[in-house]
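Below you'll find the structure, written out as structure tokens, and then a few comments.
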Amino acid sequence: MKITYLGHATLSIETKDKTLLIDPFISGNELAKDIDINNLQADYILVTHAHQDHILDVEAIAKRTGAKVISNYEIVTYFENKEIAGHPMNHGGKWHFDFGTLHYTNAIHSSSFPDGSYGGQPGGFVLETGHHRIYISGDTALTYDMKLIPDVIGDLDLAILPVGDNFTMGIDEAIKASKFLNCNKVLGVHFDTFGYIKIDHKEAYEKFAKAKKELTLLPIGDFIKL
């Protein structure tokens, strides 16, 4: 599995034969100006909630690639009304796709479209393939529900968590989340894009190391492999 960071909370996840794009917000992110959305491939687009900084490029990419949108019922309906195929989910549910199994998990946040209309309840995903299991939390506060994930779904190879604070968890809460999740390996997202969520990278790495957890903060365009 190859996971490429495309800025903010946007990721490209390549499994054995499918590509999943997570929360595409690229064209509006000055830090991601070297990423051309017209060059991105996607078989599926996973959307955690309806805020603009998570859905901005969904329509353009989905219509060009034919990718199917996977999200909550309200978000999928919104994009189906734009003639984009989708698969709706809701909290506690799972579905077996051709790339693996997705579990739709709880998130504590808000969710509305840029015009203010209702975007359903925010969520996250656990992605299970034949070889790996990763948690994509979406924008969320620290929540005790995270303890249920390894207990009910199983051990994680990676937790993808927001670390920018203010709108989501910060570094300290992400460390606690990793303990709830019983997962030592964390990929940080949702940081540095704008002033409210700029972080001190050195301090973040030091805090994770002190907690005996492994943090990765990728430069935009860089990737990790599992």
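Identifiers in this document derive from the order of the structure tokens: chains are assigned A, B, ..., residues are numbered from 1 separately in each chain, and ligands are numbered from 1 in order of occurrence.
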Checklist entry - Which parts of chain A does DSSP call alpha helix (DSSP H) when run on the backbone here, written out as a PyMOL selection string? => result chain A and resi 52-55+58-65+73-80+148+171-180+201-210
Could the residues of segment 118-161 of chain A that have an atom at most 9 Å from segment 15-23 of chain A be listed as a Markdown table, each with its closest atom pair and the distance in Å to one decimal, counting only C-alpha atoms and ordered by chain and ascending residue number?
| residue | atom | partner | partner_atom | distance |
| --- | --- | --- | --- | --- |
| A:Thr129 | CA | A:Thr15 | CA | 7.8 |
| A:Ile136 | CA | A:Ile22 | CA | 8.9 |
| A:Gly138 | CA | A:Asp23 | CA | 8.6 |
Checklist entry - Which residues come within 9 Å of segment 145-155 of chain A, counting only C-alpha atoms, excluding same-chain residues fewer than 2 positions away, as number ranges by chain? => result A: 103, 105-107, 126, 133-135, 142-143, 157, 177-183
Those same residues - all heavy atoms - I'd like them written as a tab-separated table (two decimals), in the first residue's frame.
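Final file, result-v7.tsv:
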chain	number	residue	atom	x	y	z
A	103	HIS	N	-15.04	0.39	6.96
A	103	HIS	CA	-15.90	0.60	8.12
A	103	HIS	C	-16.09	2.11	8.28
A	103	HIS	O	-15.11	2.86	8.20
A	103	HIS	CB	-15.26	0.05	9.39
A	103	HIS	CG	-14.89	-1.40	9.32
A	103	HIS	ND1	-15.61	-2.39	9.96
A	103	HIS	CD2	-13.86	-2.02	8.70
A	103	HIS	CE1	-15.05	-3.55	9.73
A	103	HIS	NE2	-13.97	-3.37	8.98
A	105	THR	N	-16.74	5.14	10.66
A	105	THR	CA	-16.55	5.35	12.10
A	105	THR	C	-17.02	6.73	12.54
A	105	THR	O	-17.19	7.65	11.74
A	105	THR	CB	-15.07	5.18	12.47
A	105	THR	OG1	-14.29	6.17	11.79
A	105	THR	CG2	-14.57	3.79	12.09
A	106	ASN	N	-17.17	6.87	13.83
A	106	ASN	CA	-17.62	8.13	14.41
A	106	ASN	C	-16.53	9.20	14.35
A	106	ASN	O	-15.34	8.91	14.42
A	106	ASN	CB	-18.02	7.90	15.87
A	106	ASN	CG	-18.72	9.10	16.48
A	106	ASN	OD1	-19.46	9.78	15.80
A	106	ASN	ND2	-18.49	9.33	17.75
A	107	ALA	N	-16.95	10.45	14.21
A	107	ALA	CA	-16.06	11.61	14.34
A	107	ALA	C	-16.83	12.72	15.04
A	107	ALA	O	-18.04	12.86	14.84
A	107	ALA	CB	-15.57	12.09	12.98
A	126	VAL	N	-12.18	3.02	8.56
A	126	VAL	CA	-11.12	2.03	8.69
A	126	VAL	C	-11.10	1.25	7.38
A	126	VAL	O	-12.13	0.70	6.96
A	126	VAL	CB	-11.34	1.08	9.88
A	126	VAL	CG1	-10.29	-0.04	9.86
A	126	VAL	CG2	-11.26	1.84	11.19
A	133	ARG	N	-4.49	-2.77	7.64
A	133	ARG	CA	-5.68	-2.15	8.22
A	133	ARG	C	-5.27	-0.77	8.71
A	133	ARG	O	-4.40	-0.63	9.57
A	133	ARG	CB	-6.21	-3.00	9.38
A	133	ARG	CG	-7.51	-2.48	9.97
A	133	ARG	CD	-7.95	-3.31	11.17
A	133	ARG	NE	-8.37	-4.65	10.77
A	133	ARG	CZ	-7.81	-5.76	11.22
A	133	ARG	NH1	-6.78	-5.71	12.07
A	133	ARG	NH2	-8.25	-6.95	10.83
A	134	ILE	N	-5.89	0.28	8.13
A	134	ILE	CA	-5.54	1.65	8.51
A	134	ILE	C	-6.80	2.43	8.89
A	134	ILE	O	-7.89	2.17	8.38
A	134	ILE	CB	-4.76	2.39	7.40
A	134	ILE	CG1	-5.64	2.65	6.17
A	134	ILE	CG2	-3.51	1.62	7.00
A	134	ILE	CD1	-5.00	3.53	5.14
A	135	TYR	N	-6.61	3.37	9.79
A	135	TYR	CA	-7.70	4.23	10.27
A	135	TYR	C	-7.50	5.63	9.72
A	135	TYR	O	-6.45	6.23	9.89
A	135	TYR	CB	-7.68	4.25	11.80
A	135	TYR	CG	-8.62	5.22	12.47
A	135	TYR	CD1	-9.95	5.35	12.07
A	135	TYR	CD2	-8.18	5.99	13.54
A	135	TYR	CE1	-10.81	6.22	12.72
A	135	TYR	CE2	-9.03	6.86	14.21
A	135	TYR	CZ	-10.35	6.98	13.79
A	135	TYR	OH	-11.19	7.85	14.44
A	142	LEU	N	-10.63	14.35	19.98
A	142	LEU	CA	-10.33	13.09	20.66
A	142	LEU	C	-11.64	12.53	21.21
A	142	LEU	O	-12.43	13.24	21.82
A	142	LEU	CB	-9.35	13.35	21.81
A	142	LEU	CG	-8.99	12.15	22.68
A	142	LEU	CD1	-8.20	11.12	21.89
A	142	LEU	CD2	-8.20	12.61	23.90
A	143	THR	N	-11.88	11.26	20.95
A	143	THR	CA	-13.11	10.64	21.43
A	143	THR	C	-12.82	9.25	21.98
A	143	THR	O	-12.01	8.51	21.43
A	143	THR	CB	-14.17	10.55	20.31
A	143	THR	OG1	-15.22	9.67	20.72
A	143	THR	CG2	-13.59	10.04	19.01
A	157	ASP	N	-2.41	-1.01	11.44
A	157	ASP	CA	-1.04	-0.81	10.98
A	157	ASP	C	-0.66	0.68	10.98
A	157	ASP	O	0.51	1.03	11.08
A	157	ASP	CB	-0.86	-1.35	9.56
A	157	ASP	CG	-1.09	-2.84	9.49
A	157	ASP	OD1	-0.29	-3.58	10.10
A	157	ASP	OD2	-2.06	-3.27	8.85
A	177	ALA	N	-4.93	9.71	21.35
A	177	ALA	CA	-5.71	8.91	20.41
A	177	ALA	C	-4.96	7.66	19.98
A	177	ALA	O	-5.54	6.57	19.89
A	177	ALA	CB	-6.07	9.75	19.18
A	178	SER	N	-3.66	7.80	19.75
A	178	SER	CA	-2.87	6.64	19.34
A	178	SER	C	-2.86	5.57	20.44
A	178	SER	O	-2.81	4.37	20.16
A	178	SER	CB	-1.45	7.05	18.98
A	178	SER	OG	-0.70	7.43	20.11
A	179	LYS	N	-2.93	6.02	21.69
A	179	LYS	CA	-2.99	5.07	22.80
A	179	LYS	C	-4.36	4.40	22.84
A	179	LYS	O	-4.45	3.18	23.06
A	179	LYS	CB	-2.69	5.79	24.12
A	179	LYS	CG	-1.27	6.32	24.21
A	179	LYS	CD	-1.02	7.11	25.49
A	179	LYS	CE	0.41	7.64	25.54
A	179	LYS	NZ	0.66	8.47	26.75
A	180	PHE	N	-5.42	5.17	22.66
A	180	PHE	CA	-6.77	4.59	22.61
A	180	PHE	C	-6.85	3.55	21.48
A	180	PHE	O	-7.51	2.52	21.61
A	180	PHE	CB	-7.81	5.67	22.37
A	180	PHE	CG	-8.14	6.52	23.57
A	180	PHE	CD1	-9.06	7.55	23.46
A	180	PHE	CD2	-7.56	6.29	24.81
A	180	PHE	CE1	-9.38	8.34	24.56
A	180	PHE	CE2	-7.86	7.08	25.91
A	180	PHE	CZ	-8.78	8.11	25.77
A	181	LEU	N	-6.21	3.86	20.36
A	181	LEU	CA	-6.26	3.00	19.17
A	181	LEU	C	-5.29	1.84	19.25
A	181	LEU	O	-5.32	0.96	18.37
A	181	LEU	CB	-5.94	3.84	17.93
A	181	LEU	CG	-6.96	4.92	17.56
A	181	LEU	CD1	-6.33	5.94	16.62
A	181	LEU	CD2	-8.21	4.31	16.93
A	182	ASN	N	-4.43	1.86	20.25
A	182	ASN	CA	-3.39	0.84	20.39
A	182	ASN	C	-2.55	0.75	19.12
A	182	ASN	O	-2.23	-0.34	18.63
A	182	ASN	CB	-4.01	-0.53	20.73
A	182	ASN	CG	-2.99	-1.52	21.21
A	182	ASN	OD1	-1.97	-1.16	21.80
A	182	ASN	ND2	-3.23	-2.80	20.96
A	183	CYS	N	-2.20	1.92	18.59
A	183	CYS	CA	-1.45	1.99	17.33
A	183	CYS	C	-0.26	2.93	17.52
A	183	CYS	O	-0.44	4.11	17.86
A	183	CYS	CB	-2.36	2.51	16.21
A	183	CYS	SG	-1.56	2.60	14.59
Checklist entry - Mind checking DSSP for segment 153-211 of chain A and telling me the strand (DSSP E or B) residues as a ChimeraX atom specification? => result /A:158-162,185-189
Next on the checklist: Give me, as a list in words, all polymer residues having an atom no more than 10 Å from Tyr44 of chain A, counting only C-alpha atoms and skipping those fewer than 2 positions away in the same chain.
Outcome noted: Ile13, Lys18, Thr19, Leu20, Leu21, Ile22, Gln41, Ala42, Leu46, Val47, Ala62, Thr65, Gly66, Ala67, Lys68, Val69, Ile70, Ala85, Gly86, His87 and Phe99 of chain A
Those residues you just picked out, can you put them in a file as a PDB file, in the first residue's frame with N, CA, C and O atoms?
ATOM      1  N   ILE A  13      -4.330   6.855  -1.785  1.00  0.00           N
ATOM      2  CA  ILE A  13      -3.970   5.541  -1.270  1.00  0.00           C
ATOM      3  C   ILE A  13      -4.064   4.530  -2.403  1.00  0.00           C
ATOM      4  O   ILE A  13      -5.145   4.301  -2.953  1.00  0.00           O
ATOM      5  N   LYS A  18      -6.292  -0.666  -7.037  1.00  0.00           N
ATOM      6  CA  LYS A  18      -7.227   0.451  -7.005  1.00  0.00           C
ATOM      7  C   LYS A  18      -6.570   1.657  -6.335  1.00  0.00           C
ATOM      8  O   LYS A  18      -5.668   1.510  -5.508  1.00  0.00           O
ATOM      9  N   THR A  19      -7.056   2.854  -6.699  1.00  0.00           N
ATOM     10  CA  THR A  19      -6.572   4.088  -6.089  1.00  0.00           C
ATOM     11  C   THR A  19      -7.727   4.803  -5.409  1.00  0.00           C
ATOM     12  O   THR A  19      -8.763   5.070  -6.035  1.00  0.00           O
ATOM     13  N   LEU A  20      -7.529   5.109  -4.127  1.00  0.00           N
ATOM     14  CA  LEU A  20      -8.528   5.827  -3.338  1.00  0.00           C
ATOM     15  C   LEU A  20      -7.995   7.226  -3.056  1.00  0.00           C
ATOM     16  O   LEU A  20      -6.854   7.387  -2.609  1.00  0.00           O
ATOM     17  N   LEU A  21      -8.819   8.231  -3.303  1.00  0.00           N
ATOM     18  CA  LEU A  21      -8.457   9.613  -3.001  1.00  0.00           C
ATOM     19  C   LEU A  21      -9.280  10.055  -1.805  1.00  0.00           C
ATOM     20  O   LEU A  21     -10.504   9.860  -1.777  1.00  0.00           O
ATOM     21  N   ILE A  22      -8.620  10.646  -0.815  1.00  0.00           N
ATOM     22  CA  ILE A  22      -9.287  11.032   0.428  1.00  0.00           C
ATOM     23  C   ILE A  22      -9.413  12.543   0.499  1.00  0.00           C
ATOM     24  O   ILE A  22      -8.426  13.273   0.368  1.00  0.00           O
ATOM     25  N   GLN A  41      -5.201  10.240 -10.396  1.00  0.00           N
ATOM     26  CA  GLN A  41      -6.080   9.133 -10.728  1.00  0.00           C
ATOM     27  C   GLN A  41      -6.877   8.731  -9.499  1.00  0.00           C
ATOM     28  O   GLN A  41      -6.423   8.870  -8.360  1.00  0.00           O
ATOM     29  N   ALA A  42      -8.083   8.231  -9.722  1.00  0.00           N
ATOM     30  CA  ALA A  42      -8.905   7.769  -8.605  1.00  0.00           C
ATOM     31  C   ALA A  42      -9.960   6.803  -9.117  1.00  0.00           C
ATOM     32  O   ALA A  42     -10.617   7.062 -10.122  1.00  0.00           O
ATOM     33  N   LEU A  46     -13.071   9.043  -1.135  1.00  0.00           N
ATOM     34  CA  LEU A  46     -13.642   8.947   0.203  1.00  0.00           C
ATOM     35  C   LEU A  46     -13.732  10.350   0.794  1.00  0.00           C
ATOM     36  O   LEU A  46     -12.749  11.099   0.794  1.00  0.00           O
ATOM     37  N   VAL A  47     -14.917  10.696   1.283  1.00  0.00           N
ATOM     38  CA  VAL A  47     -15.157  12.029   1.831  1.00  0.00           C
ATOM     39  C   VAL A  47     -15.619  11.895   3.277  1.00  0.00           C
ATOM     40  O   VAL A  47     -16.628  11.237   3.558  1.00  0.00           O
ATOM     41  N   ALA A  62     -13.914  13.519  -9.916  1.00  0.00           N
ATOM     42  CA  ALA A  62     -14.840  12.405 -10.132  1.00  0.00           C
ATOM     43  C   ALA A  62     -15.363  12.393 -11.563  1.00  0.00           C
ATOM     44  O   ALA A  62     -15.472  11.324 -12.188  1.00  0.00           O
ATOM     45  N   THR A  65     -12.424  11.223 -13.907  1.00  0.00           N
ATOM     46  CA  THR A  65     -11.921   9.857 -13.735  1.00  0.00           C
ATOM     47  C   THR A  65     -13.021   8.802 -13.681  1.00  0.00           C
ATOM     48  O   THR A  65     -12.741   7.610 -13.849  1.00  0.00           O
ATOM     49  N   GLY A  66     -14.255   9.244 -13.410  1.00  0.00           N
ATOM     50  CA  GLY A  66     -15.338   8.290 -13.206  1.00  0.00           C
ATOM     51  C   GLY A  66     -15.324   7.664 -11.821  1.00  0.00           C
ATOM     52  O   GLY A  66     -16.004   6.658 -11.580  1.00  0.00           O
ATOM     53  N   ALA A  67     -14.576   8.250 -10.899  1.00  0.00           N
ATOM     54  CA  ALA A  67     -14.472   7.707  -9.543  1.00  0.00           C
ATOM     55  C   ALA A  67     -15.826   7.748  -8.835  1.00  0.00           C
ATOM     56  O   ALA A  67     -16.627   8.660  -9.024  1.00  0.00           O
ATOM     57  N   LYS A  68     -16.062   6.753  -8.003  1.00  0.00           N
ATOM     58  CA  LYS A  68     -17.277   6.691  -7.192  1.00  0.00           C
ATOM     59  C   LYS A  68     -17.006   7.335  -5.834  1.00  0.00           C
ATOM     60  O   LYS A  68     -15.976   7.068  -5.214  1.00  0.00           O
ATOM     61  N   VAL A  69     -17.922   8.161  -5.365  1.00  0.00           N
ATOM     62  CA  VAL A  69     -17.790   8.827  -4.075  1.00  0.00           C
ATOM     63  C   VAL A  69     -18.345   7.932  -2.969  1.00  0.00           C
ATOM     64  O   VAL A  69     -19.463   7.404  -3.086  1.00  0.00           O
ATOM     65  N   ILE A  70     -17.580   7.749  -1.905  1.00  0.00           N
ATOM     66  CA  ILE A  70     -18.028   7.005  -0.733  1.00  0.00           C
ATOM     67  C   ILE A  70     -18.053   7.971   0.446  1.00  0.00           C
ATOM     68  O   ILE A  70     -17.037   8.584   0.776  1.00  0.00           O
ATOM     69  N   ALA A  85     -21.530   9.104  -9.433  1.00  0.00           N
ATOM     70  CA  ALA A  85     -21.929   7.879  -8.759  1.00  0.00           C
ATOM     71  C   ALA A  85     -21.398   7.859  -7.330  1.00  0.00           C
ATOM     72  O   ALA A  85     -20.316   8.386  -7.046  1.00  0.00           O
ATOM     73  N   GLY A  86     -22.176   7.242  -6.443  1.00  0.00           N
ATOM     74  CA  GLY A  86     -21.740   7.193  -5.060  1.00  0.00           C
ATOM     75  C   GLY A  86     -22.218   5.950  -4.336  1.00  0.00           C
ATOM     76  O   GLY A  86     -23.099   5.230  -4.810  1.00  0.00           O
ATOM     77  N   HIS A  87     -21.607   5.724  -3.186  1.00  0.00           N
ATOM     78  CA  HIS A  87     -22.015   4.638  -2.285  1.00  0.00           C
ATOM     79  C   HIS A  87     -22.199   5.247  -0.901  1.00  0.00           C
ATOM     80  O   HIS A  87     -21.216   5.655  -0.275  1.00  0.00           O
ATOM     81  N   PHE A  99     -11.751  -3.258  -3.469  1.00  0.00           N
ATOM     82  CA  PHE A  99     -10.401  -2.949  -2.975  1.00  0.00           C
ATOM     83  C   PHE A  99     -10.197  -3.425  -1.538  1.00  0.00           C
ATOM     84  O   PHE A  99      -9.085  -3.382  -1.011  1.00  0.00           O
TER      85      PHE A  99
END
Checklist entry - Do you have the atom CA of Pro88 of chain A-atom CA of Ser117 of chain A distance handy? => result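 Interatomic distance, atom CA of Pro88 of chain A to atom CA of Ser117 of chain A: 17.9 Å.
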Item to check | Closest of A:Gly119, A:Tyr196, A:Thr48, A:His91 to Thr140 of chain A - atom-to-atom distances counting only C-alpha atoms | outcome: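 For Thr140 of chain A, the nearest of the given residues is A:Thr48.
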Item to check | One-decimal distance in Å that lies between atom CA of Glu14 of chain A and atom CA of Tyr73 of chain A | outcome: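 Going from atom CA of Tyr73 of chain A over to atom CA of Glu14 of chain A, I get 24.8 Å.
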Next on the checklist: Applying 6 Å and only C-alpha atoms, which residues near Leu158 of chain A remain after dropping the ones on its own chain fewer than 2 positions away? List them as a PyMOL selection string.
Outcome noted: chain A and resi 134+156+185-186
Those same residues, written as a PDB file, in the first residue's frame with all heavy atoms?
ATOM      1  N   ILE A 134      -5.886   0.284   8.126  1.00  0.00           N
ATOM      2  CA  ILE A 134      -5.541   1.654   8.513  1.00  0.00           C
ATOM      3  C   ILE A 134      -6.796   2.426   8.889  1.00  0.00           C
ATOM      4  O   ILE A 134      -7.892   2.169   8.380  1.00  0.00           O
ATOM      5  CB  ILE A 134      -4.761   2.389   7.403  1.00  0.00           C
ATOM      6  CG1 ILE A 134      -5.644   2.646   6.172  1.00  0.00           C
ATOM      7  CG2 ILE A 134      -3.511   1.618   7.003  1.00  0.00           C
ATOM      8  CD1 ILE A 134      -4.998   3.527   5.140  1.00  0.00           C
ATOM      9  N   LEU A 156      -4.454  -2.084  14.198  1.00  0.00           N
ATOM     10  CA  LEU A 156      -4.177  -1.169  13.088  1.00  0.00           C
ATOM     11  C   LEU A 156      -2.697  -1.162  12.727  1.00  0.00           C
ATOM     12  O   LEU A 156      -1.838  -1.254  13.602  1.00  0.00           O
ATOM     13  CB  LEU A 156      -4.595   0.253  13.469  1.00  0.00           C
ATOM     14  CG  LEU A 156      -6.073   0.483  13.791  1.00  0.00           C
ATOM     15  CD1 LEU A 156      -6.260   1.863  14.410  1.00  0.00           C
ATOM     16  CD2 LEU A 156      -6.930   0.344  12.534  1.00  0.00           C
ATOM     17  N   LYS A 185       1.958   3.863  15.201  1.00  0.00           N
ATOM     18  CA  LYS A 185       2.395   4.536  13.972  1.00  0.00           C
ATOM     19  C   LYS A 185       1.311   5.519  13.519  1.00  0.00           C
ATOM     20  O   LYS A 185       0.188   5.107  13.201  1.00  0.00           O
ATOM     21  CB  LYS A 185       2.660   3.490  12.886  1.00  0.00           C
ATOM     22  CG  LYS A 185       3.431   3.982  11.688  1.00  0.00           C
ATOM     23  CD  LYS A 185       3.681   2.822  10.724  1.00  0.00           C
ATOM     24  CE  LYS A 185       4.449   3.239   9.489  1.00  0.00           C
ATOM     25  NZ  LYS A 185       5.858   3.560   9.774  1.00  0.00           N
ATOM     26  N   VAL A 186       1.644   6.807  13.475  1.00  0.00           N
ATOM     27  CA  VAL A 186       0.675   7.861  13.140  1.00  0.00           C
ATOM     28  C   VAL A 186       1.175   8.684  11.967  1.00  0.00           C
ATOM     29  O   VAL A 186       2.335   9.115  11.938  1.00  0.00           O
ATOM     30  CB  VAL A 186       0.433   8.789  14.359  1.00  0.00           C
ATOM     31  CG1 VAL A 186      -0.402  10.006  13.967  1.00  0.00           C
ATOM     32  CG2 VAL A 186      -0.234   8.010  15.489  1.00  0.00           C
TER      33      VAL A 186
END
Give me the residues near segment 53-56 of chain A as a short mmCIF file (atom, residue, chain, number, x, y, z; two decimals) with N, CA, C and O atoms, in the first residue's frame, where near means some atom within 9 Å (using only C-alpha atoms) and where sequence neighbours in that chain fewer than 5 positions away do not count.
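Below is the file that was written, result.cif:
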data_model
loop_
_atom_site.label_atom_id
_atom_site.label_comp_id
_atom_site.auth_asym_id
_atom_site.auth_seq_id
_atom_site.Cartn_x
_atom_site.Cartn_y
_atom_site.Cartn_z
N HIS A 8 -2.94 19.34 3.25
CA HIS A 8 -4.07 19.46 4.17
C HIS A 8 -4.49 18.08 4.67
O HIS A 8 -3.72 17.43 5.37
N ALA A 9 -5.69 17.61 4.33
CA ALA A 9 -6.11 16.27 4.74
C ALA A 9 -6.28 15.35 3.54
O ALA A 9 -6.97 14.33 3.63
N THR A 10 -5.67 15.72 2.43
CA THR A 10 -5.85 14.98 1.18
C THR A 10 -4.77 13.93 1.00
O THR A 10 -3.58 14.21 1.14
N ILE A 22 -8.62 10.65 -0.82
CA ILE A 22 -9.29 11.03 0.43
C ILE A 22 -9.41 12.54 0.50
O ILE A 22 -8.43 13.27 0.37
N ASP A 23 -10.64 13.05 0.69
CA ASP A 23 -10.91 14.47 0.98
C ASP A 23 -10.12 15.43 0.08
O ASP A 23 -9.30 16.23 0.57
N PRO A 24 -10.37 15.42 -1.23
CA PRO A 24 -9.55 16.23 -2.14
C PRO A 24 -9.78 17.74 -2.04
O PRO A 24 -10.81 18.27 -2.44
N PHE A 25 -8.79 18.40 -1.46
CA PHE A 25 -8.74 19.87 -1.38
C PHE A 25 -7.34 20.27 -1.81
O PHE A 25 -6.40 20.26 -1.02
N ILE A 26 -7.19 20.56 -3.09
CA ILE A 26 -5.87 20.81 -3.67
C ILE A 26 -5.81 22.15 -4.39
O ILE A 26 -4.94 22.98 -4.13
N SER A 27 -6.76 22.38 -5.28
CA SER A 27 -6.73 23.60 -6.11
C SER A 27 -6.87 24.87 -5.27
O SER A 27 -6.43 25.94 -5.69
N GLY A 28 -7.44 24.77 -4.08
CA GLY A 28 -7.59 25.93 -3.21
C GLY A 28 -6.51 26.03 -2.15
O GLY A 28 -6.57 26.93 -1.30
N ASN A 29 -5.54 25.14 -2.20
CA ASN A 29 -4.48 25.10 -1.19
C ASN A 29 -3.18 25.62 -1.82
O ASN A 29 -2.56 24.94 -2.62
N VAL A 47 -14.92 10.70 1.28
CA VAL A 47 -15.16 12.03 1.83
C VAL A 47 -15.62 11.90 3.28
O VAL A 47 -16.63 11.24 3.56
N THR A 48 -14.89 12.53 4.20
CA THR A 48 -15.22 12.38 5.62
C THR A 48 -16.31 13.34 6.08
O THR A 48 -17.07 13.02 7.00
N PHE A 113 -22.09 21.99 3.82
CA PHE A 113 -21.54 22.37 2.52
C PHE A 113 -21.22 23.87 2.50
O PHE A 113 -21.70 24.63 3.35
#
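Proximity to Lys225 of chain A was assessed for A:Arg64, A:Leu6, A:Gly92, A:His132 counting only C-alpha atoms; the smallest distance is recorded for A:His132.
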Item to check | Residue among A:Ala32, A:Val189, A:Leu127, A:Ala159 lying closest to Asp139 of chain A, counting only C-alpha atoms | outcome: A:Val189
